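Enquirer: Would you mind keeping the following structure in view while I ask a few things?
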Amino acid sequence: MSDLEIRPATAGDLPDIVAMLADDPLGAQRESPGDLTPYTVAFERLAGDPNQHVIVAVRSGRTVGTLQLTIIPGLSRRGATRSIIEGVRIHSEERGSGLGSQLIEWAVEESRRQGCQLVQLTSDATRTDAHRFYERLGFEASHLGFKMSL
């Protein structure tokens with residue numbers, strides 16, 4: 001695993017990132033890898049925001065993982081800064097290799113480096129394997145999340 005590079009994503013990584021986002025039962029319903037236009041617009045917004053970090057893991061020249069880390073300054077918890085980990089995906093050929101743990105560990109360490117006092121993430125209620133994975137890494141299912149589609 002020494003040939004693994006974790007680095008900021010570039011616009012050139014978008015096809016691989018979107019393919020990973022679409023490569024599971026939930027993603028297949030909501031992603032459209034055939035049209036990168038909305039992803040390109042979103043990536044440009046993310047790239048212009050210093051609190052947004054889209055990351056890729058590259059092994060032997062191939063993109064094999066991704067996540068987004070968002071840094072959020074706040075007032076609650078005595079003005080604590082927190083981070084949110086989103087869009088964690090591992091290439092299907094790399095699942096079970098430990099790469100997911102490496103990416104999450106990177107995100108936690110980067111959160112510390114950015115002065116965060118809390119790291120949080122959400123996981124779809126149907127992803128029970130992911131829940132066990134996050135708990136094994138030290139995350140606690142402490143809150144109930146709510147979403148509203150607009």
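All residue names refer to the structure tokens as shown: chains lettered A, B, ... in order, residues numbered from 1 in each chain, ligands numbered from 1 in order.
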For range 122-135 of chain A, list every protein, DNA or RNA residue within 10 Å, evaluated using only C-alpha atoms, and leave out those in the same chain fewer than 2 positions away; present the list as a list of chain:residue names.
Expert: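 So the residues in contact are A:Leu26, A:Ile84, A:Ile85, A:Glu86, A:Gly87, A:Val88, A:Gly100, A:Ser101, A:Ile104, A:Gln120, A:Leu137, A:Gly138, A:Phe139, A:Glu140, A:Ala141, A:His143, A:Leu144, A:Gly145.
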Enquirer: Quick one: contact table of range 3-34 of chain A to range 56-69 of chain A, 8 Å max, nearest atom pair and distance in Å to one decimal per residue, counting only C-alpha atoms, chain and number order, as JSON lines?
Expert:
```
{"residue": "A:Asp3", "atom": "CA", "partner": "A:Arg59", "partner_atom": "CA", "distance": 5.8}
{"residue": "A:Leu4", "atom": "CA", "partner": "A:Arg59", "partner_atom": "CA", "distance": 4.7}
{"residue": "A:Glu5", "atom": "CA", "partner": "A:Val58", "partner_atom": "CA", "distance": 5.1}
{"residue": "A:Ile6", "atom": "CA", "partner": "A:Ala57", "partner_atom": "CA", "distance": 4.4}
{"residue": "A:Arg7", "atom": "CA", "partner": "A:Val56", "partner_atom": "CA", "distance": 5.6}
{"residue": "A:Pro8", "atom": "CA", "partner": "A:Val56", "partner_atom": "CA", "distance": 6.2}
{"residue": "A:Ala9", "atom": "CA", "partner": "A:Val56", "partner_atom": "CA", "distance": 5.4}
{"residue": "A:Asp13", "atom": "CA", "partner": "A:Thr63", "partner_atom": "CA", "distance": 7.5}
{"residue": "A:Asp16", "atom": "CA", "partner": "A:Thr63", "partner_atom": "CA", "distance": 6.4}
{"residue": "A:Ile17", "atom": "CA", "partner": "A:Thr66", "partner_atom": "CA", "distance": 6.6}
{"residue": "A:Met20", "atom": "CA", "partner": "A:Gly65", "partner_atom": "CA", "distance": 7.7}
```
Enquirer: Those same residues - C-alpha atoms - I'd like them written as a PDB file, in the first residue's frame.
Expert:
```pdb
ATOM      1  CA  ASP A   3       2.187   3.445  -3.546  1.00  0.00           C
ATOM      2  CA  LEU A   4      -0.980   5.159  -2.274  1.00  0.00           C
ATOM      3  CA  GLU A   5      -1.225   8.930  -2.693  1.00  0.00           C
ATOM      4  CA  ILE A   6      -3.948  10.967  -0.966  1.00  0.00           C
ATOM      5  CA  ARG A   7      -4.196  14.387  -2.585  1.00  0.00           C
ATOM      6  CA  PRO A   8      -6.602  17.197  -3.466  1.00  0.00           C
ATOM      7  CA  ALA A   9      -8.823  16.318  -6.410  1.00  0.00           C
ATOM      8  CA  ASP A  13     -10.437  13.469 -11.478  1.00  0.00           C
ATOM      9  CA  ASP A  16     -13.457   8.771 -11.776  1.00  0.00           C
ATOM     10  CA  ILE A  17     -15.045  10.431  -8.735  1.00  0.00           C
ATOM     11  CA  MET A  20     -17.393   5.848  -7.802  1.00  0.00           C
TER      12      MET A  20
END
```
Enquirer: Would you please give, as a ChimeraX atom specification, all residues of chain A that DSSP assigns to helix (DSSP H, G or I) based on the backbone?
Expert: /A:11-22,25-30,37-47,76-79,99-113,128-136
Enquirer: Restricting the calculation to only C-alpha atoms, which member of A:Asp24, A:Lys147, A:Gly34, A:Arg45 is positioned closest to Ala11 in chain A?
Expert: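 That would be A:Arg45, the residue with the smallest distance to Ala11 in chain A.
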Enquirer: When distances are computed from only C-alpha atoms, which of A:Ala28, A:Ile71, A:Val41, A:Ala19 shows the smallest separation from Glu110 in chain A?
Expert: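 Using only C-alpha atoms, the shortest distance to Glu110 in chain A belongs to A:Ile71.
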Enquirer: Can you work out the spacing between CA of Ser32 in chain A and CA of Gln52 in chain A in Å, to one decimal?
Expert: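 Pair CA of Ser32 in chain A / CA of Gln52 in chain A returns 22.3 Å.
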Enquirer: Which one of A:Gly27, A:Thr37, A:Glu93, A:Phe43 sits closest to Ile55 in chain A if you count only C-alpha atoms?
Expert: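 Smallest separation from Ile55 in chain A among the options: A:Phe43.
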Enquirer: Quote the spacing between CA of Arg89 in chain A and CA of Leu36 in chain A in Å to one decimal place.
Expert: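 CA of Arg89 in chain A sits 17.5 Å away from CA of Leu36 in chain A.
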Enquirer: Give me, please, the distance in Å between CA of Ser149 in chain A and CA of Val119 in chain A, quoted to one decimal.
Expert: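 Straight-line distance from CA of Ser149 in chain A to CA of Val119 in chain A works out to 24.0 Å.
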